[in-house]
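S.K.: Below is start28.txt; it holds compact mmCIF, C-alpha atoms.
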# COMPACT_ATOMS: atom_id res chain seq x y z
CA MET F 11 33.28 -6.66 4.00
CA GLY F 12 30.98 -3.78 3.48
CA VAL F 13 33.17 -0.82 4.33
CA GLU F 14 34.97 -0.59 1.02
CA SER F 15 32.29 1.31 -0.75
CA ALA F 16 32.90 4.15 1.65
CA VAL F 17 36.63 3.96 1.08
CA ASP F 18 38.18 6.12 -1.54
CA HIS F 19 41.36 7.67 -2.69
CA GLU F 20 41.21 10.50 -0.19
CA TYR F 21 40.65 8.07 2.64
CA LEU F 22 43.76 6.12 1.73
CA ALA F 23 45.81 9.29 1.45
CA ARG F 24 44.53 10.41 4.82
CA LEU F 25 45.47 7.10 6.42
CA LEU F 26 48.95 7.40 4.98
CA SER F 27 49.33 10.93 6.32
CA GLN F 28 48.04 9.88 9.73
CA ALA F 29 50.44 6.95 9.79
CA GLY F 30 53.19 9.47 9.01
CA ARG F 31 52.26 11.24 12.23
CA GLY F 32 52.53 8.02 14.22
CA ASP F 33 48.85 7.02 14.26
CA GLU F 34 48.99 3.26 14.81
CA LYS F 35 45.31 2.73 14.19
CA ALA F 36 45.51 4.45 10.81
CA PHE F 37 48.57 2.37 9.97
CA ALA F 38 46.73 -0.85 10.84
CA GLU F 39 43.80 0.20 8.69
CA LEU F 40 46.13 1.09 5.84
CA TYR F 41 47.68 -2.36 6.11
CA ARG F 42 44.27 -4.01 6.10
CA LEU F 43 43.25 -2.15 2.96
CA THR F 44 46.46 -2.29 0.97
CA SER F 45 48.49 -5.35 2.00
CA GLY F 46 46.67 -7.68 -0.40
CA LYS F 47 47.53 -5.55 -3.39
CA LEU F 48 51.13 -4.90 -2.36
CA PHE F 49 51.66 -8.58 -1.50
CA GLY F 50 50.35 -9.42 -4.98
CA VAL F 51 52.96 -7.08 -6.48
CA CYS F 52 55.77 -8.65 -4.42
CA LEU F 53 54.69 -12.21 -5.09
CA ARG F 54 54.46 -11.62 -8.82
CA MET F 55 58.02 -10.33 -8.91
CA LEU F 56 59.70 -12.53 -6.34
CA ARG F 57 57.79 -15.76 -7.01
CA ASN F 58 58.68 -16.95 -3.56
CA ARG F 59 56.29 -16.62 -0.68
CA ASN F 60 58.85 -16.39 2.08
CA GLU F 61 60.72 -13.65 0.28
CA ALA F 62 57.49 -11.84 -0.47
CA ASP F 63 56.63 -12.06 3.24
CA GLU F 64 59.95 -10.50 4.13
CA VAL F 65 59.73 -7.76 1.52
CA LEU F 66 56.16 -6.93 2.53
CA GLN F 67 57.40 -6.48 6.08
CA GLU F 68 60.17 -4.18 4.81
CA ILE F 69 57.63 -2.20 2.81
CA TYR F 70 55.34 -1.51 5.73
CA THR F 71 58.26 -0.79 8.02
CA THR F 72 59.34 1.81 5.49
CA VAL F 73 55.79 3.12 5.18
CA TRP F 74 55.66 3.57 8.95
CA ASN F 75 59.01 5.31 9.08
CA ARG F 76 58.62 7.41 5.94
CA ALA F 77 54.93 8.04 5.50
CA ALA F 78 55.55 11.58 6.70
CA SER F 79 57.34 12.24 3.40
CA PHE F 80 54.20 11.35 1.47
CA ASP F 81 52.73 14.53 0.02
CA VAL F 82 48.99 14.22 0.04
CA ALA F 83 48.55 17.19 -2.27
CA LYS F 84 50.72 15.83 -5.03
CA ALA F 85 50.68 12.07 -5.12
CA GLY F 86 48.30 9.20 -5.27
CA ALA F 87 48.74 7.15 -2.12
CA LEU F 88 48.48 4.05 -4.22
CA THR F 89 51.19 5.15 -6.63
CA TRP F 90 53.44 5.82 -3.70
CA LEU F 91 52.79 2.38 -2.22
CA VAL F 92 53.00 0.41 -5.45
CA THR F 93 56.18 2.23 -6.47
CA LEU F 94 57.70 1.47 -3.10
CA SER F 95 56.70 -2.19 -3.40
CA ARG F 96 58.16 -2.57 -6.87
CA ASN F 97 61.38 -0.86 -5.82
CA LYS F 98 61.80 -3.06 -2.76
CA SER F 99 61.05 -6.19 -4.76
CA ILE F 100 63.49 -5.26 -7.52
CA ASP F 101 66.17 -4.50 -4.94
CA ARG F 102 65.62 -7.92 -3.45
CA LEU F 103 65.80 -9.57 -6.86
CA ARG F 104 69.08 -7.80 -7.61
CA GLN F 105 70.58 -8.77 -4.27
CA HIS F 106 70.84 -12.41 -5.09
CA ARG F 107 69.57 -13.19 -8.53
CA GLU F 108 72.39 -11.71 -10.51
CA GLU F 109 75.03 -14.12 -9.32
CA SER F 110 72.78 -17.12 -9.74
CA SER F 111 69.96 -16.09 -11.99
CA ARG F 112 67.09 -18.49 -11.86
CA GLU F 113 66.72 -21.17 -14.44
CA ALA F 114 64.13 -20.35 -17.04
CA THR F 115 62.30 -23.48 -15.93
CA ASP F 116 61.76 -21.89 -12.53
CA PHE F 117 59.26 -19.62 -14.13
CA GLU F 118 55.80 -20.75 -14.84
CA GLY F 119 56.21 -19.20 -18.22
CA ILE F 120 56.39 -15.73 -19.52
CA VAL F 121 53.46 -13.56 -18.61
CA ASP F 122 50.65 -13.58 -21.07
CA GLU F 123 50.95 -10.70 -23.43
CA GLN F 124 47.24 -10.14 -23.24
CA ALA F 125 46.12 -7.61 -20.72
CA SER F 126 44.25 -9.40 -17.98
CA PRO F 127 43.01 -7.04 -15.30
CA ALA F 128 42.63 -8.49 -11.84
CA ASP F 129 39.43 -10.46 -11.46
CA GLY F 130 36.41 -8.27 -11.39
CA ALA F 131 38.44 -5.09 -11.47
CA GLU F 132 37.39 -2.27 -13.66
CA VAL F 133 40.12 -0.88 -15.84
CA SER F 134 40.97 2.75 -15.41
CA GLN F 135 41.14 5.22 -18.21
CA GLU F 136 44.89 5.43 -17.72
CA HIS F 137 45.24 1.70 -18.10
CA ARG F 138 43.16 1.67 -21.27
CA ARG F 139 45.29 4.45 -22.72
CA LEU F 140 48.51 2.61 -21.93
CA GLN F 141 47.07 -0.59 -23.33
CA ASP F 142 46.18 1.19 -26.58
CA CYS F 143 49.77 2.37 -26.88
CA LEU F 144 51.16 -1.07 -26.02
CA ASP F 145 48.93 -2.55 -28.72
CA GLN F 146 50.78 -0.48 -31.28
CA LEU F 147 54.07 -2.22 -30.49
CA GLU F 148 55.32 -5.31 -32.27
CA PRO F 149 54.03 -8.39 -30.40
CA GLN F 150 57.49 -9.53 -29.26
CA GLN F 151 58.33 -6.05 -28.03
CA ARG F 152 55.05 -5.67 -26.21
CA LYS F 153 55.63 -9.03 -24.57
CA SER F 154 59.12 -7.96 -23.48
CA VAL F 155 57.89 -4.72 -21.93
CA ARG F 156 55.12 -6.47 -20.05
CA GLU F 157 57.41 -9.21 -18.84
CA ALA F 158 59.92 -6.60 -17.70
CA PHE F 159 57.31 -4.66 -15.76
CA PHE F 160 55.74 -7.64 -14.02
CA SER F 161 58.87 -9.67 -13.31
CA GLY F 162 61.44 -6.95 -12.59
CA ALA F 163 63.96 -8.89 -14.68
CA THR F 164 67.17 -7.33 -16.01
CA TYR F 165 67.93 -7.03 -19.73
CA ASN F 166 70.13 -10.08 -19.39
CA GLU F 167 67.45 -12.19 -17.78
CA LEU F 168 64.84 -11.06 -20.30
CA ALA F 169 67.12 -11.95 -23.20
CA GLY F 170 67.57 -15.41 -21.69
CA ARG F 171 63.88 -15.91 -21.09
CA LEU F 172 62.79 -14.83 -24.54
CA ASN F 173 65.78 -16.51 -26.07
CA VAL F 174 67.14 -13.53 -28.01
CA PRO F 175 70.59 -11.87 -27.94
CA LEU F 176 71.09 -9.21 -25.27
CA GLY F 177 71.49 -6.47 -27.88
CA THR F 178 68.19 -7.40 -29.47
CA MET F 179 66.39 -7.27 -26.13
CA LYS F 180 67.89 -3.88 -25.34
CA SER F 181 66.86 -2.40 -28.64
CA TRP F 182 63.36 -3.90 -28.40
CA ILE F 183 62.76 -2.41 -24.97
CA ARG F 184 64.34 0.95 -25.72
CA ARG F 185 62.48 1.35 -28.95
CA SER F 186 59.26 0.35 -27.19
CA LEU F 187 59.81 2.87 -24.41
CA MET F 188 60.42 5.69 -26.87
CA GLN F 189 57.37 4.65 -28.85
CA LEU F 190 55.27 4.57 -25.69
CA ARG F 191 56.50 8.00 -24.77
CA THR F 192 55.48 9.41 -28.11
CA CYS F 193 52.12 7.70 -27.86
CA LEU F 194 51.45 8.82 -24.28
CA GLU F 195 52.80 12.35 -24.59
CA PRO F 196 51.17 13.61 -27.75
CA MET V 16 76.37 3.15 -22.36
CA ASN V 17 75.17 2.30 -25.81
CA ALA V 18 71.75 3.85 -25.60
CA VAL V 19 69.96 4.37 -28.84
CA ALA V 20 70.49 7.72 -30.46
CA ASP V 21 67.98 10.38 -29.66
CA ASN V 22 67.82 14.12 -29.62
CA GLY V 23 68.40 16.32 -26.60
CA ASN V 24 68.17 14.47 -23.32
CA GLY V 25 66.87 11.34 -24.97
CA ASN V 26 69.53 9.05 -23.58
CA ASP V 27 69.02 10.26 -20.05
CA ASN V 28 65.31 10.02 -20.43
CA LEU V 29 65.65 6.49 -21.69
CA ARG V 30 67.66 5.59 -18.63
CA TYR V 31 64.91 6.93 -16.37
CA ALA V 32 62.38 4.90 -18.33
CA GLU V 33 64.53 1.79 -17.98
CA TYR V 34 64.84 2.51 -14.27
CA VAL V 35 61.09 2.72 -13.80
CA LEU V 36 60.44 -0.34 -15.92
CA GLY V 37 62.98 -2.18 -13.78
CA VAL V 38 65.40 -3.63 -16.34
CA LEU V 39 68.63 -2.07 -15.08
CA ASP V 40 71.23 -4.09 -13.24
CA ALA V 41 71.99 -3.32 -9.61
CA ASP V 42 74.82 -0.83 -10.22
CA THR V 43 73.10 1.20 -12.91
CA ARG V 44 69.92 1.15 -10.88
CA ALA V 45 71.72 2.52 -7.83
CA ALA V 46 73.29 5.25 -9.97
CA VAL V 47 69.91 6.38 -11.28
CA ALA V 48 68.41 6.25 -7.78
CA HIS V 49 71.19 8.51 -6.61
CA GLU V 50 70.52 10.88 -9.50
CA VAL V 51 66.84 11.02 -8.57
CA GLN V 52 67.79 12.11 -5.08
CA THR V 53 70.12 14.82 -6.19
CA SER V 54 68.54 16.17 -9.36
CA SER V 55 65.03 17.53 -9.61
CA GLU V 56 65.13 17.00 -13.38
CA ALA V 57 65.82 13.32 -12.87
CA ALA V 58 63.10 13.12 -10.22
CA THR V 59 60.60 14.75 -12.56
CA ALA V 60 61.49 12.48 -15.47
CA VAL V 61 61.16 9.41 -13.26
CA ALA V 62 57.81 10.66 -11.98
CA ILE V 63 56.51 11.04 -15.50
CA TRP V 64 57.55 7.51 -16.39
CA GLN V 65 55.92 6.22 -13.22
CA ARG V 66 52.72 7.86 -14.32
CA HIS V 67 53.04 6.30 -17.76
CA LEU V 68 53.78 2.75 -16.70
CA MET V 69 52.25 2.24 -13.27
CA PRO V 70 48.69 1.67 -14.52
CA LEU V 71 49.91 -1.79 -15.55
CA ALA V 72 49.90 -2.64 -11.84
CA GLU V 73 46.10 -2.68 -12.01
CA GLU V 74 46.42 -6.07 -13.64
CA ILE V 75 48.04 -7.61 -10.58
CA ALA V 76 45.57 -9.55 -8.48
CA GLU V 77 45.48 -9.18 -4.73
CA VAL V 78 46.85 -11.97 -2.58
CA ALA V 79 46.23 -11.91 1.15
CA PRO V 80 49.48 -12.22 3.10
CA GLY V 81 49.59 -14.62 6.04
CA PRO V 82 48.53 -13.10 9.35
CA TYR V 83 52.02 -13.62 10.74
CA VAL V 84 53.32 -10.83 8.48
CA TRP V 85 51.29 -8.21 10.32
CA ALA V 86 52.34 -9.80 13.61
CA ARG V 87 55.99 -9.44 12.60
CA ILE V 88 55.50 -5.83 11.52
CA ARG V 89 53.82 -5.03 14.80
CA ASP V 90 56.62 -6.67 16.73
CA ALA V 91 59.36 -5.03 14.71
CA LEU V 92 57.83 -1.57 15.06
CA LYS V 93 56.71 -2.19 18.65
CA LEU V 94 53.12 -1.28 17.89
CA ASP V 95 50.24 -1.97 20.23
CA GLN V 96 47.57 -2.59 17.62
CA GLN V 97 45.85 -5.95 17.64
CA PRO V 98 46.12 -8.15 14.58
CA VAL V 99 44.07 -6.97 11.66
CA ALA V 100 42.34 -9.21 9.23
CA SER V 101 44.41 -9.10 6.08
CA GLN V 102 41.65 -10.16 3.78
CA PRO V 103 41.82 -8.71 0.32
CA SER V 104 39.33 -5.95 -0.03
CA ARG V 105 38.41 -6.16 -3.64
CA GLY V 106 35.82 -3.47 -3.47
CA LEU V 107 38.46 -0.95 -2.57
CA TRP V 108 40.77 -1.87 -5.39
CA ASN V 109 38.05 -1.95 -7.93
CA ASN V 110 37.24 1.59 -7.07
CA LEU V 111 38.53 3.67 -9.92
CA ARG V 112 38.87 6.73 -7.79
CA LEU V 113 41.91 5.08 -6.25
CA TRP V 114 43.78 4.97 -9.47
CA HIS V 115 44.57 8.61 -9.81
CA TRP V 116 47.61 8.26 -11.95
CA VAL V 117 47.25 11.58 -13.65
CA GLY V 118 48.52 14.68 -11.97
CA ILE V 119 50.90 12.95 -9.68
CA GLY V 120 53.66 15.32 -8.78
CA ALA V 121 57.33 14.65 -8.95
CA SER V 122 58.10 15.28 -5.33
CA ALA V 123 56.19 12.33 -3.95
CA LEU V 124 57.73 9.99 -6.43
CA ALA V 125 61.13 11.36 -5.67
CA ALA V 126 60.32 10.64 -2.07
CA ALA V 127 59.36 7.13 -3.01
CA CYS V 128 62.71 6.75 -4.72
CA LEU V 129 64.45 8.01 -1.64
CA VAL V 130 62.58 5.50 0.37
CA MET V 131 63.74 2.75 -1.91
CA ILE V 132 67.30 3.03 -0.76
CA ALA V 133 66.50 3.43 2.90
CA ILE V 134 67.86 0.58 4.92
CA GLU V 135 66.01 -0.45 8.02
CA PRO V 136 68.04 -1.98 10.79
CA ARG V 137 66.98 -5.50 11.66
CA THR V 138 65.41 -5.90 15.04
CA PRO V 139 68.09 -7.44 17.24
CA PRO V 140 67.07 -10.66 18.94
CA PRO V 141 66.46 -10.47 22.68
CA ALA V 142 69.78 -10.63 24.44
CA ALA V 143 68.53 -12.90 27.19
CA SER V 144 67.93 -16.02 25.15
CA THR V 145 70.78 -18.14 23.95
CA GLY V 146 71.26 -21.49 22.31
CA TYR V 147 69.20 -23.78 20.18
CA MET V 148 66.08 -25.86 20.47
CA VAL V 149 64.89 -28.66 18.25
CA ALA V 150 61.69 -30.53 17.47
CA SER V 151 60.69 -33.50 15.35
CA ILE V 152 57.27 -32.81 13.96
CA ASN V 153 55.71 -36.23 13.50
CA GLN V 154 52.68 -37.27 11.53
CA ASP V 155 49.89 -39.52 12.75
CA ASN V 156 51.52 -42.56 11.17
CA GLY V 157 54.64 -41.93 13.26
CA VAL V 158 56.74 -40.75 10.34
CA THR V 159 58.57 -37.46 10.85
CA GLY V 160 57.12 -34.80 8.58
CA TRP V 161 59.55 -31.99 9.35
CA THR V 162 62.34 -31.21 11.75
CA ALA V 163 62.62 -27.77 13.25
CA THR V 164 65.70 -26.12 14.68
CA MET V 165 65.33 -22.86 16.55
CA ASP V 166 68.29 -20.53 16.78
CA LEU V 167 67.48 -18.34 19.75
CA ASP V 168 70.42 -16.01 19.29
CA ARG V 169 69.39 -15.10 15.81
CA ALA V 170 65.66 -15.43 16.38
CA ARG V 171 65.27 -17.86 13.54
CA ILE V 172 63.69 -21.23 12.96
CA VAL V 173 64.67 -23.58 10.16
CA ILE V 174 62.10 -26.15 9.15
CA VAL V 175 63.47 -29.00 7.07
CA PRO V 176 61.07 -31.44 5.43
CA ALA V 177 61.70 -35.12 6.23
CA SER V 178 58.86 -37.16 4.72
CA PRO V 179 55.86 -34.92 4.77
CA GLN V 180 52.60 -36.36 3.47
CA SER V 181 51.13 -34.94 0.31
CA ILE V 182 48.82 -31.97 0.57
CA VAL V 183 45.89 -31.02 -1.61
CA GLN V 184 46.67 -28.62 -4.36
CA ASP V 185 46.21 -24.94 -3.52
CA ARG V 186 46.92 -25.61 0.14
CA ALA V 187 50.09 -25.06 2.10
CA PRO V 188 51.44 -26.39 5.39
CA GLU V 189 51.53 -23.79 8.13
CA LEU V 190 53.61 -24.11 11.28
CA TRP V 191 52.16 -23.24 14.67
CA LEU V 192 53.65 -22.86 18.11
CA ILE V 193 51.33 -24.10 20.84
CA PRO V 194 52.33 -23.00 24.34
CA ALA V 195 50.94 -25.34 27.02
CA GLY V 196 47.28 -24.64 27.58
CA GLN V 197 47.19 -21.78 25.11
CA LYS V 198 45.98 -21.10 21.60
CA PRO V 199 48.29 -21.79 18.66
CA ILE V 200 50.44 -18.91 17.43
CA SER V 201 51.30 -18.84 13.74
CA VAL V 202 55.01 -19.18 12.98
CA GLY V 203 54.59 -19.06 9.23
CA VAL V 204 53.89 -20.99 6.07
CA ILE V 205 56.41 -23.75 5.42
CA ALA V 206 57.05 -26.05 2.47
CA ARG V 207 56.97 -29.76 1.74
CA ASP V 208 59.80 -29.67 -0.75
CA LYS V 209 62.47 -27.41 0.69
CA PRO V 210 63.85 -26.03 3.95
CA ILE V 211 62.31 -22.78 5.06
CA THR V 212 63.85 -20.23 7.41
CA LEU V 213 61.44 -18.02 9.33
CA THR V 214 62.00 -15.18 11.73
CA LEU V 215 60.87 -15.73 15.31
CA SER V 216 59.13 -12.68 16.72
CA PRO V 217 59.92 -11.71 20.32
CA ASN V 218 56.46 -12.99 21.22
CA LEU V 219 57.22 -16.40 19.74
CA LEU V 220 60.69 -16.50 21.27
CA ALA V 221 59.21 -15.86 24.68
CA GLN V 222 56.91 -18.88 24.33
CA LEU V 223 59.52 -21.40 23.19
CA GLY V 224 60.28 -24.05 25.75
CA PRO V 225 59.92 -27.72 26.68
CA THR V 226 56.24 -27.31 27.51
CA ALA V 227 55.42 -25.89 24.12
CA ALA V 228 54.71 -27.91 20.98
CA LEU V 229 54.95 -27.31 17.28
CA ALA V 230 52.19 -28.36 14.93
CA VAL V 231 51.56 -28.22 11.19
CA SER V 232 48.11 -27.67 9.74
CA VAL V 233 46.87 -27.53 6.17
CA GLU V 234 45.88 -23.99 5.22
CA PRO V 235 45.12 -21.81 2.21
CA LEU V 236 48.23 -20.80 0.27
CA GLY V 237 48.83 -17.50 2.06
CA GLY V 238 48.38 -19.08 5.47
CA SER V 239 45.33 -19.25 7.69
CA PRO V 240 43.10 -16.23 7.08
CA THR V 241 41.89 -16.20 10.67
CA GLY V 242 45.13 -16.34 12.64
CA GLN V 243 44.13 -19.77 13.97
CA PRO V 244 44.39 -23.16 12.26
CA THR V 245 41.47 -23.70 9.90
CA GLY V 246 42.51 -27.00 8.31
CA PRO V 247 43.44 -30.41 9.67
CA VAL V 248 46.53 -30.75 11.87
CA ILE V 249 48.79 -33.24 10.10
CA ALA V 250 51.88 -33.27 12.33
CA LYS V 251 52.92 -32.40 15.88
CA GLY V 252 56.05 -32.46 17.97
CA ALA V 253 57.41 -31.41 21.34
CA ILE V 254 60.25 -28.92 21.64
CA SER V 255 63.40 -29.98 23.43
CA GLY V 256 66.42 -28.08 24.62
CA ALA V 257 65.11 -25.22 26.72
CA PRO V 258 66.79 -21.81 26.69
CA ASP V 259 67.60 -22.10 30.39
CA ALA V 260 69.06 -25.57 30.02
CA GLN V 261 72.81 -25.96 29.98
CA PRO V 262 74.40 -24.26 26.99
CA PRO V 263 74.94 -26.46 23.96
CA ALA V 264 78.27 -28.28 24.11
CA THR V 265 79.22 -26.77 20.81
CA LYS V 266 77.55 -24.17 18.70
CA VAL V 267 79.65 -24.94 15.69
CA ALA V 268 77.31 -27.58 14.38
CA GLY V 269 74.43 -25.18 14.34
CA THR V 270 76.11 -22.28 12.64
CA ASP V 271 76.23 -23.66 9.14
CA ALA V 272 72.74 -24.97 9.39
CA PHE V 273 71.45 -21.44 9.63
CA ASP V 274 72.86 -20.15 6.43
CA PRO V 275 70.08 -18.76 4.31
CA GLN V 276 68.32 -21.37 2.32
CA PRO V 277 69.71 -22.01 -1.13
CA ARG V 278 67.99 -19.92 -3.75
CA ALA V 279 68.44 -22.25 -6.67
Rewrite the coordinates I just gave you, this time as structure tokens.

M.R.:
Amino acid sequence: MGVESAVDHEYLARLLSQAGRGDEKAFAELYRLTSGKLFGVCLRMLRNRNEADEVLQEIYTTVWNRAASFDVAKAGALTWLVTLSRNKSIDRLRQHREESSREATDFEGIVDEQASPADGAEVSQEHRRLQDCLDQLEPQQRKSVREAFFSGATYNELAGRLNVPLGTMKSWIRRSLMQLRTCLEP
Amino acid sequence: MNAVADNGNGNDNLRYAEYVLGVLDADTRAAVAHEVQTSSEAATAVAIWQRHLMPLAEEIAEVAPGPYVWARIRDALKLDQQPVASQPSRGLWNNLRLWHWVGIGASALAAACLVMIAIEPRTPPPAASTGYMVASINQDNGVTGWTATMDLDRARIVIVPASPQSIVQDRAPELWLIPAGQKPISVGVIARDKPITLTLSPNLLAQLGPTAALAVSVEPLGGSPTGQPTGPVIAKGAISGAPDAQPPATKVAGTDAFDPQPRA
């Protein structure tokens, strides 16, 4: 599309700030540039296109209404948007999945434990660092953490999917998180 | 809670990590979200965990949403902007400068957490329209592919598959509203194997009537990338039961039909 090379972090942050001040054009441009990524996040968690459509609409409605609270000096615009998308998707999952959690067969399988960056995407230094720390975990524990992040599943659901007792899943994840913390905060 | 033993604020910190990872159940999650709003320590801890874990999101591939999503957002927010192409823009996302995970302050993430619990009111349907409309969407061989029921009060359409023909892999059926003499307007992506409920934007609601038709075309999975049908039209049907016709004899029959689709 040609324009992306000129687009950078600051541009995205500026669009978000402008949208916060009610600039519809900036908001439309922000949607054009970010909706594919955020829809990917929603779809991966919700695994249902209609729900992902609805949650994406909620996300951008929230962006429009709350973009003014985005602090350009302190946050990455992308972090703000991805965090918002994950939170909205998890909220949606919790709304209805806990009473009738999906059958394991509904899932196309647990996410691959191998890191697989989006096609053609370079991997950031931060991602490489996290990956190095994840690589130090036991394979089952690494798999659990990755599955948790990408699916938004609860401890209960994870235990069911990986076919281990709830207590085991909790201790795997908690130990992994503490290990990651030590690794990432030397 | 039976968090693993740790020194100092280890248990709290673990809870924030669990919150960011997304493994907490609804109640515990809401409790932590509340904490993040009211405690700057909690907000800071959550921000640090966001910074730690969010780079994993780089692995998620972009998927272009259907053009009707932007149309719905525009309608809901009453914006004037024309539809934008929602093509993925890979170049942008491959740009490392975007992924500034380091140095992200706590306040913005706390704001993001605040946002999470914000509840947006649903756009109320236009008060003027009442009742229901229906359409059988028939395929070329005369067999009904889908039936559509439009609930004007609730601004919803339910599309139930009858005997839809098979569709090539990696393609999805998309429903269009075609007002007489006008271009098709996307209603949304539907399914061959289950009922789908879609929201009718005010724009779509205004166009519903006995002179309008519904049609289904075969499109890429996220819906037509152009906002107009790009694949073959496989089924069509006229709409009956206009909003200004006499009110339905009974609305009872329709009410249950509009329960949200089963999730199982």

S.K.: Separation of CA of Glu73 (chain V) and CA of Asp27 (chain V), in Å?

M.R.: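 Value for the CA of Glu73 (chain V)-CA of Asp27 (chain V) distance: 27.5 Å.
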
S.K.: With all atoms listed in the file as the basis for distance, which of V:Val231, V:Ala45, V:Val248, V:Val202 is at the shortest distance from Gly81 (chain V)?

M.R.: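 For Gly81 (chain V), the nearest of the given residues is V:Val202.
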
S.K.: Could you please determine the separation between CA of Ala169 (chain F) and CA of Arg152 (chain F) in Å, to one decimal place?

M.R.: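 Result for CA of Ala169 (chain F) versus CA of Arg152 (chain F): 13.9 Å, one decimal.
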
S.K.: Separation of CA of Leu43 (chain F) and CA of Ala23 (chain F), in Å?

M.R.: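 Taking CA of Leu43 (chain F) as the start and CA of Ala23 (chain F) as the end point, the length is 11.8 Å.
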
S.K.: What's around Ala57 (chain V) at 10 Å? Count all atoms listed in the file, leave out sequence neighbours fewer than 2 positions away in its own chain, and write the answer as a list in words.

M.R.: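 Answer for this query is Asp27, Asn28, Arg30, Tyr31, Val47, Ala48, His49, Glu50, Val51, Gln52, Thr53, Ser54, Ser55, Thr59, Ala60, Val61, Ala62, Ile63, Ala121 and Ala125 of chain V.
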
S.K.: Please return as a PyMOL selection string every residue within 12 Å of (63.9, -1.1, -6.1), taking into account only C-alpha atoms and the file's own coordinates.

M.R.: (chain F and resi 52+55+65+68-69+92-105+162-163) or (chain V and resi 34-48+127-134)

S.K.: Kindly indicate which residue among F:Met188, F:Cys193, F:Leu168, F:Val51 lies nearest to Met69 (chain V), using only C-alpha atoms for the distances.

M.R.: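 The closest residue to Met69 (chain V) is F:Val51.
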
S.K.: Counting all atoms listed in the file, which of F:His106, F:Arg184, F:Arg138, F:Arg171 gets nearest to Glu61 (chain F)?

M.R.: F:His106

S.K.: With distances taken over all atoms listed in the file, which residue among V:Trp85, V:Leu192, V:Val175, V:Pro70 lies nearest Glu39 (chain F)?

M.R.: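 Going through V:Trp85, V:Leu192, V:Val175, V:Pro70 one by one, the smallest distance to Glu39 (chain F) is for V:Trp85.
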